[in-house]
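Single-structure report; data block below.
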Amino acid sequence: MALTPNFHSKRRTDVDPARVPPGQYATSGFPVLSYGPTPHIDSAAWTFTVRGAVEQPTTWTWRQLLELPNETFTVDIHCVTKWTKLDTTWTGVSLDTLLEKAGAGAEYATAFSDGGYTTNLPVADLTGGRAWLVHTYEGEPLTAEHGGPVRLLVPHLYFWKSAKWVRGLELRERNEPGFWERYGYHDYGDPWREQRYAGD
Amino acid sequence: MAGTALRGRLNWRLGTVVGLEYESPAAKSITLDLPDWRGHRAGQHVDVRLTAADGYQAQRSYSIASAPEDARVMLTVERLDDGEVSPYLVDDLRIGDELEVRGPVGGYFVWDAGSPGPVLLIAGGSGVVPFRSMLRHRVAAQSTVPVRLLYSARSQRTLIYRDELTRMAGRNAIDIRITLTREEAQDWRGYRGRITRGFLDRTGWPASDGPLVYVCGPTGFVETAADALVSLGHEPSNIRTERFGGAET
Amino acid sequence: MRVTDGNAIAGLLGEVFGGEMTAVVGVCAACGSGGRLAEMRVRLDAPGIVARCARCLEILLVIVERRGIRCVDLSGFAALDQPAPFSDGPGG
């Protein structure tokens, strides 16, 4: 392998290394990664459903989502393809609010999206103020290519768990690997323990 | 012998930059010295891999702009403003630098001078790069197969290989038609506007001639042109496409 | 997002299959249409490479590289022809 002198790409060199998980590079861009075509969904037609092993399957419309308590917050995000983006600002609803309403007591969840994408997470990682449905990025409506109108945001895990174009959560008693998990990506995906692939 | 060919083609090898020349303000031709290069077919491409000092790697594919008969391998790279690799190759690469290269690759989007014609080449922007290889190969092989190039670009300023294409059109019975989509100069005598179904109907070889058609350029451009060709009666199996990464439509 | 076609992964397919693959015909298991691998709709940059049928957009092929090991899922194909030998120089 040969080195290419002066090739920097869009990597930032001005960051505190303690904020960058092992094996990651801080970027100034916001790469778009998708496994399929971008769905274009009208927010008027959008709904989000929590169903499966819950007391009360519940569906929210776009309007209803906006009427719930929304918060604006700033987090770092880490993609398994090695880029890390610091200080991203989002607005959305905490999953705590939605899961409580549906009476979700099961251990596992599968997030499902328009376009067929799925990813699995422990319900414990969707609660405690660690996960949101977000609709606004840096003060602007979330664009379709970045997962709008609404995406899941779970910043403490690798970003493939933050399902774009999310339409609901299926709660389960048994863990069911989602799309990338079935192809060998890690079931949990903690960037700080560099859990990129199964067995890491 | 076959084993050697396989290994050689799949290995990353180091090429040395021996020539750099702007083709337009945003596009640069890079001539490489590649040891043990065993030749290529017109239309093929190479993969280029860059590795930064901290180990970060990026890889892209670039069509070979030189003909198989040319002494050296030449690539032409267009700088994409939000690109990761192209700004480095166009702005920062220096004579004497080394690039990791794999190839040549491609057995589908290729044209050999022995193939029957007529041939219709449809290029969007830097999609013209593999066609330069095909046209130079045709000349070098002294082929008389009828060839028409339809080349769409934003403006005269963004045209690449303009002088060379003009010379080829004058000398070698290659029919070249250029359409510009955003040219403001009043004295432009060529076509204006995008390559639409209507444009192809008026300026392309008719489907009844059974041409082999190659379309290369941004993804949206290729989709539009390929759909239009099929609607004009061209057999899908006569249409070969190569999409450069770009925004999806 | 780099949305391209099978030509862009010709080198990778060459490594995986040991031959030239872009002119090879594959049949989609979802819709039954046959097409050259060069025509697959390919997305690069995702956690893995995903190639879809040009006709119906169902997944044909997924390639994931994990710690130097390449995992290739071809289950989206109902049929796939043999690779062609690599060709050297003009005229094939």
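In the structure tokens, chains take the letters A, B, ... in the order shown, each chain's residues start at 1, and ligands count up from 1 in the order shown.
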* Asked: Once you count only C-alpha atoms, which residues of chain C turn out to be within 12 Å of chain B? Could you give them as a ChimeraX atom specification?
  -> /C:1-25,34-45,54,83-92
* To do: Compile the residues of chain B that lie within 6 Å of chain A, evaluated using only C-alpha atoms, and express the compilation as JSON, numbers by chain.
  => {"B": [50, 51, 52, 84]}
Would you mind listing, for every residue of chain C within 10 Å of chain A, the two atoms forming the shortest contact and the distance between them in Å to one decimal, using only C-alpha atoms, sorted by chain and ascending residue number, as JSON lines?
{"residue": "C:Met1", "atom": "CA", "partner": "A:Val32", "partner_atom": "CA", "distance": 5.1}
{"residue": "C:Arg2", "atom": "CA", "partner": "A:Leu33", "partner_atom": "CA", "distance": 8.5}
{"residue": "C:Val3", "atom": "CA", "partner": "A:Pro37", "partner_atom": "CA", "distance": 8.9}
{"residue": "C:Arg41", "atom": "CA", "partner": "A:Gly36", "partner_atom": "CA", "distance": 9.2}
{"residue": "C:Val42", "atom": "CA", "partner": "A:Gly36", "partner_atom": "CA", "distance": 8.8}
{"residue": "C:Arg43", "atom": "CA", "partner": "A:Tyr35", "partner_atom": "CA", "distance": 6.7}
{"residue": "C:Leu44", "atom": "CA", "partner": "A:Leu33", "partner_atom": "CA", "distance": 8.1}
{"residue": "C:Asp45", "atom": "CA", "partner": "A:Leu33", "partner_atom": "CA", "distance": 6.0}
{"residue": "C:Ala46", "atom": "CA", "partner": "A:Leu33", "partner_atom": "CA", "distance": 4.8}
{"residue": "C:Pro47", "atom": "CA", "partner": "A:Thr81", "partner_atom": "CA", "distance": 6.0}
{"residue": "C:Gly48", "atom": "CA", "partner": "A:Tyr35", "partner_atom": "CA", "distance": 8.0}
{"residue": "C:Ile49", "atom": "CA", "partner": "A:Tyr35", "partner_atom": "CA", "distance": 7.9}
{"residue": "C:Val50", "atom": "CA", "partner": "A:Tyr35", "partner_atom": "CA", "distance": 6.1}
{"residue": "C:Ala51", "atom": "CA", "partner": "A:Gly36", "partner_atom": "CA", "distance": 8.8}
{"residue": "C:Arg52", "atom": "CA", "partner": "A:Gly36", "partner_atom": "CA", "distance": 8.1}
{"residue": "C:Leu57", "atom": "CA", "partner": "A:Gly36", "partner_atom": "CA", "distance": 8.3}
{"residue": "C:Glu58", "atom": "CA", "partner": "A:Gly36", "partner_atom": "CA", "distance": 9.0}
{"residue": "C:Ile59", "atom": "CA", "partner": "A:Gly36", "partner_atom": "CA", "distance": 8.6}
{"residue": "C:Val62", "atom": "CA", "partner": "A:Tyr183", "partner_atom": "CA", "distance": 8.3}
{"residue": "C:Ile63", "atom": "CA", "partner": "A:Tyr183", "partner_atom": "CA", "distance": 8.6}
{"residue": "C:Val64", "atom": "CA", "partner": "A:Tyr183", "partner_atom": "CA", "distance": 7.0}
{"residue": "C:Glu65", "atom": "CA", "partner": "A:Gly184", "partner_atom": "CA", "distance": 9.2}
{"residue": "C:Arg66", "atom": "CA", "partner": "A:Tyr197", "partner_atom": "CA", "distance": 6.6}
{"residue": "C:Arg67", "atom": "CA", "partner": "A:Tyr197", "partner_atom": "CA", "distance": 8.3}
{"residue": "C:Cys71", "atom": "CA", "partner": "A:Tyr183", "partner_atom": "CA", "distance": 7.8}
{"residue": "C:Val72", "atom": "CA", "partner": "A:Tyr183", "partner_atom": "CA", "distance": 9.1}
{"residue": "C:Asp73", "atom": "CA", "partner": "A:Tyr183", "partner_atom": "CA", "distance": 8.4}
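Residue nearest His135 (chain A), chosen from A:Ala45, A:Ala18, A:Leu169, A:Leu153 and counting only C-alpha atoms: A:Leu153.
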* Distance of CA of Val129 (chain B) from CA of Leu165 (chain B), expressed in Å to one decimal place ->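 So the answer is 11.6 Å.
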* To do: Among the residues of chain C, find those DSSP assigns to strand (DSSP E) from the backbone and print them as a PyMOL selection string.
  => chain C and resi 3-5+25-28+34-36+41-43+49-52+59-66+69-73+77-80
* Asked: Which residue gives the smallest distance to Thr74 (chain A) among A:Thr61, A:Thr91, A:Thr27, A:Thr119, with only C-alpha atoms counted?
  ->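 Of all the options, A:Thr91 lies closest to Thr74 (chain A).
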* **Neighbour list for region 74-77 of chain C as number ranges by chain, cut-off 7 Å, only C-alpha atoms, skip fewer than 6 positions in-chain** => C: 26-29, 59-62
Take the residues just selected and output them with C-alpha atoms as a compact mmCIF listing (two decimals), in the first residue's frame.
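What ended up in result.txt:
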# COMPACT_ATOMS: atom_id res chain seq x y z
CA GLY C 26 -27.64 -12.34 -14.18
CA VAL C 27 -31.32 -13.16 -13.70
CA CYS C 28 -33.18 -11.35 -10.93
CA ALA C 29 -34.85 -13.72 -8.47
CA ILE C 59 -31.49 -6.37 -4.17
CA LEU C 60 -29.35 -8.67 -6.34
CA LEU C 61 -26.04 -8.58 -4.57
CA VAL C 62 -24.56 -7.38 -1.28
* Pick out the residues sitting within 10 Å of Thr97 (chain A), and hand them over as a ChimeraX atom specification; count only C-alpha atoms, and ignore anything fewer than 3 positions along from it in its own chain. => /A:68-70,93-94,100-102,127,129,132
* **Close residues, region 170-183 of chain B itself excluded, 10 Å, only C-alpha atoms, min 3 positions apart in chain, as a PyMOL selection string** => chain B and resi 120-125+135+138-139+142-159+162+164-167+186-195+199+203-204
Saved selection, atoms kept: C-alpha atoms, as a compact mmCIF listing (two decimals), in the first residue's frame:
# COMPACT_ATOMS: atom_id res chain seq x y z
CA LEU B 120 -23.49 6.28 -31.60
CA LEU B 121 -21.69 7.76 -28.60
CA ILE B 122 -23.68 9.95 -26.21
CA ALA B 123 -21.71 11.86 -23.58
CA GLY B 124 -22.82 14.01 -20.68
CA GLY B 125 -20.05 16.20 -19.29
CA LEU B 135 -12.29 7.58 -31.04
CA ARG B 138 -10.72 4.00 -34.21
CA VAL B 139 -8.27 6.38 -35.82
CA GLN B 142 -7.80 2.98 -39.40
CA SER B 143 -11.36 1.84 -38.98
CA THR B 144 -13.98 3.29 -41.29
CA VAL B 145 -16.97 2.34 -39.16
CA PRO B 146 -19.39 5.30 -39.08
CA VAL B 147 -19.25 6.98 -35.66
CA ARG B 148 -21.28 9.87 -34.32
CA LEU B 149 -20.59 11.56 -30.97
CA LEU B 150 -23.29 13.61 -29.28
CA TYR B 151 -21.62 15.56 -26.47
CA SER B 152 -23.58 17.58 -23.96
CA ALA B 153 -21.78 20.08 -21.72
CA ARG B 154 -22.71 23.17 -19.74
CA SER B 155 -20.75 25.72 -21.76
CA GLN B 156 -17.82 26.13 -24.14
CA ARG B 157 -15.63 26.70 -21.13
CA THR B 158 -16.42 23.27 -19.71
CA LEU B 159 -15.82 21.35 -22.94
CA ARG B 162 -12.43 20.41 -27.86
CA GLU B 164 -8.75 17.32 -30.50
CA LEU B 165 -12.36 16.47 -31.26
CA THR B 166 -12.52 19.25 -33.84
CA ARG B 167 -9.41 17.88 -35.54
CA GLN B 186 -24.42 34.56 -28.81
CA ASP B 187 -21.82 33.38 -31.28
CA TRP B 188 -22.05 29.69 -30.35
CA ARG B 189 -22.96 27.92 -33.58
CA GLY B 190 -23.57 24.44 -32.23
CA TYR B 191 -26.66 22.99 -30.60
CA ARG B 192 -28.22 24.27 -27.40
CA GLY B 193 -30.23 22.46 -24.78
CA ARG B 194 -30.25 19.08 -23.09
CA ILE B 195 -30.12 15.76 -24.84
CA PHE B 199 -32.76 15.86 -29.82
CA THR B 203 -29.47 14.03 -34.43
CA GLY B 204 -28.88 10.39 -33.48
